[in-house]
$ cat data.cif   # mmCIF, C-alpha atoms
data_query
#
loop_
_atom_site.group_PDB
_atom_site.id
_atom_site.type_symbol
_atom_site.label_atom_id
_atom_site.label_comp_id
_atom_site.auth_asym_id
_atom_site.auth_seq_id
_atom_site.Cartn_x
_atom_site.Cartn_y
_atom_site.Cartn_z
ATOM 1 C CA MET A 1 0.386 -9.392 45.230
ATOM 2 C CA GLU A 2 3.047 -6.685 45.091
ATOM 3 C CA PRO A 3 2.009 -3.023 44.837
ATOM 4 C CA VAL A 4 2.499 -1.457 41.438
ATOM 5 C CA GLY A 5 4.793 1.567 41.404
ATOM 6 C CA PRO A 6 4.381 4.640 39.180
ATOM 7 C CA GLU A 7 7.016 3.458 36.683
ATOM 8 C CA GLN A 8 5.421 0.023 36.309
ATOM 9 C CA ALA A 9 1.985 1.577 35.878
ATOM 10 C CA GLN A 10 3.314 3.919 33.194
ATOM 11 C CA ALA A 11 5.038 1.043 31.366
ATOM 12 C CA SER A 12 1.797 -0.951 31.481
ATOM 13 C CA ARG A 13 -0.159 1.999 30.045
ATOM 14 C CA GLY A 14 2.452 2.339 27.289
ATOM 15 C CA ARG A 15 2.046 -1.330 26.314
ATOM 16 C CA GLU A 16 -1.748 -0.962 26.275
ATOM 17 C CA GLN A 17 -1.524 2.120 24.071
ATOM 18 C CA GLN A 18 0.793 0.313 21.652
ATOM 19 C CA GLN A 19 -1.578 -2.651 21.454
ATOM 20 C CA GLN A 20 -4.497 -0.296 20.833
ATOM 21 C CA HIS A 21 -2.460 1.508 18.175
ATOM 22 C CA TRP A 22 -1.811 -1.686 16.199
ATOM 23 C CA GLY A 23 -5.401 -2.795 16.675
ATOM 24 C CA ARG A 24 -6.859 0.207 14.870
ATOM 25 C CA GLY A 25 -8.027 -0.470 11.352
ATOM 26 C CA PRO A 26 -5.974 0.121 8.247
ATOM 27 C CA SER A 27 -6.785 2.425 5.461
ATOM 28 C CA HIS A 28 -5.877 1.965 1.802
ATOM 29 C CA GLY A 29 -2.642 0.097 1.631
ATOM 30 C CA GLN A 30 -3.303 -0.919 4.186
ATOM 31 C CA GLY A 31 -2.932 -4.328 4.735
ATOM 32 C CA MET A 32 0.028 -2.374 5.833
ATOM 33 C CA ARG A 33 -1.455 -1.945 9.297
ATOM 34 C CA GLY A 34 -4.408 -2.850 11.379
ATOM 35 C CA SER A 35 -4.425 -6.204 13.116
ATOM 36 C CA CYS A 36 -1.069 -7.089 11.556
ATOM 37 C CA PRO A 37 2.244 -6.134 13.143
ATOM 38 C CA PRO A 38 4.771 -4.351 10.882
ATOM 39 C CA GLU A 39 6.617 -7.574 9.950
ATOM 40 C CA TRP A 40 3.427 -9.127 8.576
ATOM 41 C CA ALA A 41 2.613 -5.887 6.779
ATOM 42 C CA VAL A 42 5.791 -6.236 4.730
ATOM 43 C CA LEU A 43 5.083 -9.907 3.977
ATOM 44 C CA VAL A 44 1.525 -9.087 2.896
ATOM 45 C CA ALA A 45 2.762 -6.311 0.588
ATOM 46 C CA GLY A 46 5.319 -8.589 -1.048
ATOM 47 C CA ALA A 47 2.809 -11.408 -1.502
ATOM 48 C CA LEU A 48 0.220 -9.041 -3.007
ATOM 49 C CA MET A 49 2.751 -7.554 -5.426
ATOM 50 C CA GLY A 50 3.697 -11.059 -6.526
ATOM 51 C CA ALA A 51 0.047 -12.084 -6.906
ATOM 52 C CA GLY A 52 -0.667 -8.944 -8.900
ATOM 53 C CA ASP A 53 2.192 -9.708 -11.291
ATOM 54 C CA VAL A 54 1.049 -13.321 -11.773
ATOM 55 C CA ILE A 55 -2.464 -12.094 -12.617
ATOM 56 C CA ALA A 56 -1.051 -9.446 -14.958
ATOM 57 C CA GLN A 57 1.058 -11.996 -16.832
ATOM 58 C CA GLN A 58 -1.582 -14.714 -16.992
ATOM 59 C CA LEU A 59 -4.881 -12.859 -17.404
ATOM 60 C CA VAL A 60 -3.896 -9.510 -18.929
ATOM 61 C CA GLU A 61 -0.859 -10.408 -21.040
ATOM 62 C CA ARG A 62 -1.958 -14.040 -21.535
ATOM 63 C CA ARG A 63 1.579 -15.426 -21.398
ATOM 64 C CA GLY A 64 0.536 -18.895 -20.277
ATOM 65 C CA LEU A 65 2.417 -20.981 -17.735
ATOM 66 C CA ARG A 66 5.311 -21.737 -20.091
ATOM 67 C CA GLY A 67 5.703 -18.094 -21.002
ATOM 68 C CA HIS A 68 5.489 -16.838 -17.430
ATOM 69 C CA HIS A 69 8.475 -14.646 -16.553
ATOM 70 C CA GLY A 70 9.422 -15.823 -13.065
ATOM 71 C CA PRO A 71 12.218 -13.290 -12.445
ATOM 72 C CA ARG A 72 9.760 -10.453 -13.079
ATOM 73 C CA THR A 73 7.399 -11.845 -10.417
ATOM 74 C CA LEU A 74 10.302 -12.141 -7.974
ATOM 75 C CA LYS A 75 11.311 -8.529 -8.701
ATOM 76 C CA MET A 76 7.787 -7.320 -8.027
ATOM 77 C CA MET A 77 7.694 -9.279 -4.771
ATOM 78 C CA ALA A 78 11.032 -7.736 -3.762
ATOM 79 C CA ILE A 79 9.631 -4.265 -4.437
ATOM 80 C CA GLY A 80 6.643 -5.150 -2.246
ATOM 81 C CA PHE A 81 8.862 -6.418 0.580
ATOM 82 C CA CYS A 82 11.470 -3.643 0.469
ATOM 83 C CA PHE A 83 9.544 -0.587 -0.726
ATOM 84 C CA VAL A 84 5.751 -0.853 -0.766
ATOM 85 C CA GLY A 85 5.301 -2.513 2.633
ATOM 86 C CA PRO A 86 7.629 -0.312 4.696
ATOM 87 C CA VAL A 87 6.713 2.957 2.952
ATOM 88 C CA VAL A 88 2.941 2.521 2.886
ATOM 89 C CA GLY A 89 2.896 1.076 6.411
ATOM 90 C CA SER A 90 4.821 4.052 7.764
ATOM 91 C CA TRP A 91 2.673 6.503 5.834
ATOM 92 C CA TYR A 92 -0.572 5.173 7.276
ATOM 93 C CA ARG A 93 0.751 5.298 10.805
ATOM 94 C CA ILE A 94 1.722 8.935 10.199
ATOM 95 C CA LEU A 95 -1.672 9.662 8.635
ATOM 96 C CA ASP A 96 -3.506 8.243 11.647
ATOM 97 C CA ARG A 97 -1.455 10.449 13.960
ATOM 98 C CA LEU A 98 -1.965 13.554 11.824
ATOM 99 C CA ILE A 99 -5.736 13.081 11.487
ATOM 100 C CA PRO A 100 -7.144 10.896 14.279
ATOM 101 C CA GLY A 101 -10.744 9.724 14.354
ATOM 102 C CA ASN A 102 -13.243 8.075 11.989
ATOM 103 C CA THR A 103 -15.951 10.634 11.220
ATOM 104 C CA LYS A 104 -17.037 11.562 7.694
ATOM 105 C CA VAL A 105 -14.933 14.728 7.792
ATOM 106 C CA VAL A 106 -11.888 12.818 9.042
ATOM 107 C CA ALA A 107 -12.306 10.189 6.296
ATOM 108 C CA VAL A 108 -12.417 12.886 3.606
ATOM 109 C CA LYS A 109 -9.409 14.711 5.086
ATOM 110 C CA LYS A 110 -7.360 11.510 5.154
ATOM 111 C CA MET A 111 -8.322 10.677 1.588
ATOM 112 C CA VAL A 112 -7.425 14.169 0.333
ATOM 113 C CA LEU A 113 -4.045 14.166 2.086
ATOM 114 C CA ASP A 114 -3.246 10.655 0.905
ATOM 115 C CA GLN A 115 -4.285 11.173 -2.699
ATOM 116 C CA GLY A 116 -3.033 14.746 -2.985
ATOM 117 C CA GLY A 117 0.322 14.289 -1.278
ATOM 118 C CA PHE A 118 1.359 10.684 -0.870
ATOM 119 C CA ALA A 119 0.002 8.958 -3.992
ATOM 120 C CA PRO A 120 1.754 11.175 -6.586
ATOM 121 C CA CYS A 121 5.141 10.786 -4.859
ATOM 122 C CA PHE A 122 4.670 7.072 -4.238
ATOM 123 C CA LEU A 123 3.758 6.303 -7.857
ATOM 124 C CA GLY A 124 6.740 8.234 -9.215
ATOM 125 C CA CYS A 125 9.110 6.367 -6.904
ATOM 126 C CA PHE A 126 7.481 3.026 -7.703
ATOM 127 C CA LEU A 127 7.870 3.499 -11.457
ATOM 128 C CA ALA A 128 11.483 4.660 -11.041
ATOM 129 C CA ILE A 129 12.424 1.676 -8.860
ATOM 130 C CA THR A 130 10.736 -0.800 -11.211
ATOM 131 C CA GLY A 131 12.524 0.680 -14.215
ATOM 132 C CA ALA A 132 15.886 0.520 -12.445
ATOM 133 C CA MET A 133 15.293 -3.132 -11.465
ATOM 134 C CA ASN A 134 14.415 -3.899 -15.083
ATOM 135 C CA GLY A 135 17.841 -2.603 -16.108
ATOM 136 C CA LEU A 136 16.750 0.616 -17.816
ATOM 137 C CA SER A 137 19.307 3.366 -18.170
ATOM 138 C CA VAL A 138 18.623 6.632 -16.358
ATOM 139 C CA GLN A 139 17.515 8.260 -19.602
ATOM 140 C CA ASP A 140 15.267 5.364 -20.641
ATOM 141 C CA ASN A 141 13.823 5.151 -17.143
ATOM 142 C CA TRP A 142 12.997 8.857 -17.141
ATOM 143 C CA SER A 143 11.328 8.530 -20.554
ATOM 144 C CA LYS A 144 9.230 5.607 -19.329
ATOM 145 C CA ILE A 145 8.184 7.504 -16.200
ATOM 146 C CA GLN A 146 7.109 10.458 -18.359
ATOM 147 C CA GLN A 147 5.164 8.079 -20.600
ATOM 148 C CA ASP A 148 3.387 6.157 -17.813
ATOM 149 C CA TYR A 149 3.107 8.489 -14.827
ATOM 150 C CA THR A 150 0.046 10.585 -15.720
ATOM 151 C CA ASP A 151 -1.977 7.591 -16.867
ATOM 152 C CA ALA A 152 -1.076 5.619 -13.708
ATOM 153 C CA LEU A 153 -1.985 8.550 -11.464
ATOM 154 C CA MET A 154 -5.334 9.082 -13.183
ATOM 155 C CA THR A 155 -6.114 5.365 -12.836
ATOM 156 C CA ASN A 156 -5.173 5.618 -9.166
ATOM 157 C CA TYR A 157 -7.679 8.442 -8.755
ATOM 158 C CA CYS A 158 -10.395 6.327 -10.365
ATOM 159 C CA ILE A 159 -9.870 3.487 -7.889
ATOM 160 C CA TRP A 160 -8.628 4.598 -4.488
ATOM 161 C CA PRO A 161 -10.571 7.708 -3.346
ATOM 162 C CA PRO A 162 -13.968 5.964 -3.071
ATOM 163 C CA VAL A 163 -12.334 2.850 -1.610
ATOM 164 C CA GLN A 164 -10.566 4.941 0.997
ATOM 165 C CA ILE A 165 -13.591 6.909 2.081
ATOM 166 C CA ALA A 166 -15.657 3.733 2.400
ATOM 167 C CA ASN A 167 -12.868 1.984 4.253
ATOM 168 C CA PHE A 168 -12.254 4.850 6.674
ATOM 169 C CA TYR A 169 -15.905 5.442 7.437
ATOM 170 C CA PHE A 170 -18.238 2.546 6.587
ATOM 171 C CA VAL A 171 -16.218 -0.660 6.902
ATOM 172 C CA PRO A 172 -16.105 -2.217 10.393
ATOM 173 C CA LEU A 173 -12.653 -2.385 11.888
ATOM 174 C CA GLN A 174 -12.320 -6.165 11.641
ATOM 175 C CA HIS A 175 -13.134 -6.214 7.888
ATOM 176 C CA ARG A 176 -11.003 -3.295 6.667
ATOM 177 C CA LEU A 177 -7.899 -5.355 5.983
ATOM 178 C CA ALA A 178 -9.809 -7.862 3.843
ATOM 179 C CA VAL A 179 -11.445 -5.106 1.771
ATOM 180 C CA VAL A 180 -8.139 -3.388 1.117
ATOM 181 C CA GLN A 181 -6.350 -6.605 0.195
ATOM 182 C CA CYS A 182 -9.001 -7.467 -2.384
ATOM 183 C CA VAL A 183 -8.659 -4.058 -4.021
ATOM 184 C CA ALA A 184 -4.866 -4.161 -3.748
ATOM 185 C CA ILE A 185 -4.658 -7.336 -5.840
ATOM 186 C CA VAL A 186 -6.437 -5.583 -8.723
ATOM 187 C CA TRP A 187 -4.335 -2.441 -8.283
ATOM 188 C CA ASN A 188 -1.060 -4.388 -8.092
ATOM 189 C CA CYS A 189 -1.997 -6.250 -11.260
ATOM 190 C CA TYR A 190 -2.403 -2.911 -13.029
ATOM 191 C CA LEU A 191 0.840 -1.520 -11.588
ATOM 192 C CA SER A 192 2.805 -4.593 -12.617
ATOM 193 C CA TRP A 193 1.436 -4.496 -16.153
ATOM 194 C CA LYS A 194 2.072 -0.753 -16.454
ATOM 195 C CA ALA A 195 5.555 -0.773 -14.943
ATOM 196 C CA ASN A 196 6.776 -3.770 -16.972
ATOM 197 C CA ARG A 197 5.253 -2.782 -20.320
ATOM 198 C CA MET A 198 8.137 -1.839 -22.590
#
$ encode --input "data.cif" --output "structure tokens"
Amino acid sequence: MEPVGPEQAQASRGREQQQQHWGRGPSHGQGMRGSCPPEWAVLVAGALMGAGDVIAQQLVERRGLRGHHGPRTLKMMAIGFCFVGPVVGSWYRILDRLIPGNTKVVAVKKMVLDQGGFAPCFLGCFLAITGAMNGLSVQDNWSKIQQDYTDALMTNYCIWPPVQIANFYFVPLQHRLAVVQCVAIVWNCYLSWKANRM
């Protein structure tokens, strides 16, 4: 067996750290990280956005299979693939670096930073992108954002803070992704209904 030089040892430590980094549990969004690599995070986000839109059309709007608007579901999936997955995945990696650990205080700090800083910006961008993909003019899109933004943000605050704190602190690492995905389907259903309601 050949001796391991300093450079090889350092490279090996770097690979171990990267594996540990991707093995840490996700927080809200979240299927955006955790045991999944970044590519799967994007696929999960797109699939969940599509599932949320199907539920919104079938259970909330009661369109029925014949009345289902397929292009709308595809648009929501595209937003999940191209916007939600990459943005939320990157944000949670940044959040873990900014506030490492999993104590009660850390969980509350992460939740406050996420809900106070990230969520308001993310929702505004999401509504703007959805309006643009639905063909709204700049003026109509701005009017719709003004109409929907506050209500969407307040609904966000009713759902995600307790989920986040529980997920950061109580949920075992191997179950965090499943918890978040279940909540995300409900949330994506709401977002799809809200963003596509004309």
$ resolve_selection --input "data.cif" --expression "the PyMOL selection byres ((chain A and resi 160) around 12)" --output "PyMOL selection string"
chain A and resi 27-30+110-112+114-116+119+152-159+161-168+179-180+183-184+186-187
$ residues_near_point --input "data.cif" --point "(13.2, -12.1, -15.1)" --cutoff "12 Å" --atoms "all atoms listed in the file" --output "number ranges by chain"
A: 53, 67-76, 133-135, 196
$ atom_distance --input "data.cif" --atom1 "atom CA of A:Val171" --atom2 "atom CA of A:Leu191"
25.2 Å
$ resolve_selection --input "data.cif" --expression "the PyMOL selection byres ((chain A and resi 55) around 10)" --output "number ranges by chain"
A: 49-54, 56-62, 185-186, 188-190, 192-193
$ atom_distance --input "data.cif" --atom1 "atom CA of A:Arg197" --atom2 "atom CA of A:Ile129"
14.2 Å
$ atom_distance --input "data.cif" --atom1 "atom CA of A:Ala45" --atom2 "atom CA of A:Gly117"
20.8 Å
$ closest_residue --input "data.cif" --among "A:Ile94, A:Leu127, A:Cys82, A:Val106" --to "A:Asp151" --atoms "only C-alpha atoms"
A:Leu127
$ residues_around --input "data.cif" --residues "A:Leu95" --least-positions-apart "2" --cutoff "10 Å" --atoms "all atoms listed in the file" --output "list in words"
Ser27, Gly89, Ser90, Trp91, Tyr92, Arg93, Arg97, Leu98, Ile99, Pro100, Lys109, Lys110, Met111, Leu113 and Asp114 of chain A
$ closest_residue --input "data.cif" --among "A:Thr150, A:Trp142, A:Arg66, A:Cys182" --to "A:Pro120" --atoms "only C-alpha atoms"
A:Thr150
$ build_atoms --input "data.cif" --residues "stretch 115-134 of chain A" --atoms "N, CA and C atoms" --output "compact mmCIF listing (two decimals), in the coordinates of the input"
# COMPACT_ATOMS: atom_id res chain seq x y z
N GLN A 115 -4.27 11.12 -1.24
CA GLN A 115 -4.28 11.17 -2.70
C GLN A 115 -3.62 12.42 -3.26
N GLY A 116 -3.66 13.51 -2.50
CA GLY A 116 -3.03 14.75 -2.98
C GLY A 116 -1.54 14.83 -2.72
N GLY A 117 -1.09 14.19 -1.64
CA GLY A 117 0.32 14.29 -1.28
C GLY A 117 1.11 13.01 -1.46
N PHE A 118 0.60 11.93 -0.88
CA PHE A 118 1.36 10.68 -0.87
C PHE A 118 1.33 9.96 -2.21
N ALA A 119 0.14 9.78 -2.78
CA ALA A 119 0.00 8.96 -3.99
C ALA A 119 0.87 9.44 -5.16
N PRO A 120 0.91 10.74 -5.47
CA PRO A 120 1.75 11.18 -6.59
C PRO A 120 3.24 10.86 -6.37
N CYS A 121 3.73 11.08 -5.15
CA CYS A 121 5.14 10.79 -4.86
C CYS A 121 5.40 9.29 -4.90
N PHE A 122 4.50 8.53 -4.30
CA PHE A 122 4.67 7.07 -4.24
C PHE A 122 4.71 6.46 -5.63
N LEU A 123 3.80 6.87 -6.50
CA LEU A 123 3.76 6.30 -7.86
C LEU A 123 5.02 6.63 -8.64
N GLY A 124 5.50 7.86 -8.52
CA GLY A 124 6.74 8.23 -9.22
C GLY A 124 7.91 7.38 -8.76
N CYS A 125 8.03 7.20 -7.45
CA CYS A 125 9.11 6.37 -6.90
C CYS A 125 8.95 4.91 -7.33
N PHE A 126 7.72 4.41 -7.31
CA PHE A 126 7.48 3.03 -7.70
C PHE A 126 7.91 2.78 -9.14
N LEU A 127 7.51 3.66 -10.05
CA LEU A 127 7.87 3.50 -11.46
C LEU A 127 9.38 3.60 -11.66
N ALA A 128 10.03 4.51 -10.92
CA ALA A 128 11.48 4.66 -11.04
C ALA A 128 12.21 3.41 -10.55
N ILE A 129 11.78 2.87 -9.41
CA ILE A 129 12.42 1.68 -8.86
C ILE A 129 12.22 0.48 -9.78
N THR A 130 11.00 0.32 -10.31
CA THR A 130 10.74 -0.80 -11.21
C THR A 130 11.59 -0.70 -12.47
N GLY A 131 11.69 0.50 -13.02
CA GLY A 131 12.52 0.68 -14.22
C GLY A 131 13.98 0.36 -13.95
N ALA A 132 14.48 0.80 -12.80
CA ALA A 132 15.89 0.52 -12.44
C ALA A 132 16.10 -0.98 -12.28
N MET A 133 15.15 -1.68 -11.65
CA MET A 133 15.29 -3.13 -11.46
C MET A 133 15.17 -3.89 -12.78
N ASN A 134 14.51 -3.29 -13.75
CA ASN A 134 14.42 -3.90 -15.08
C ASN A 134 15.62 -3.58 -15.95
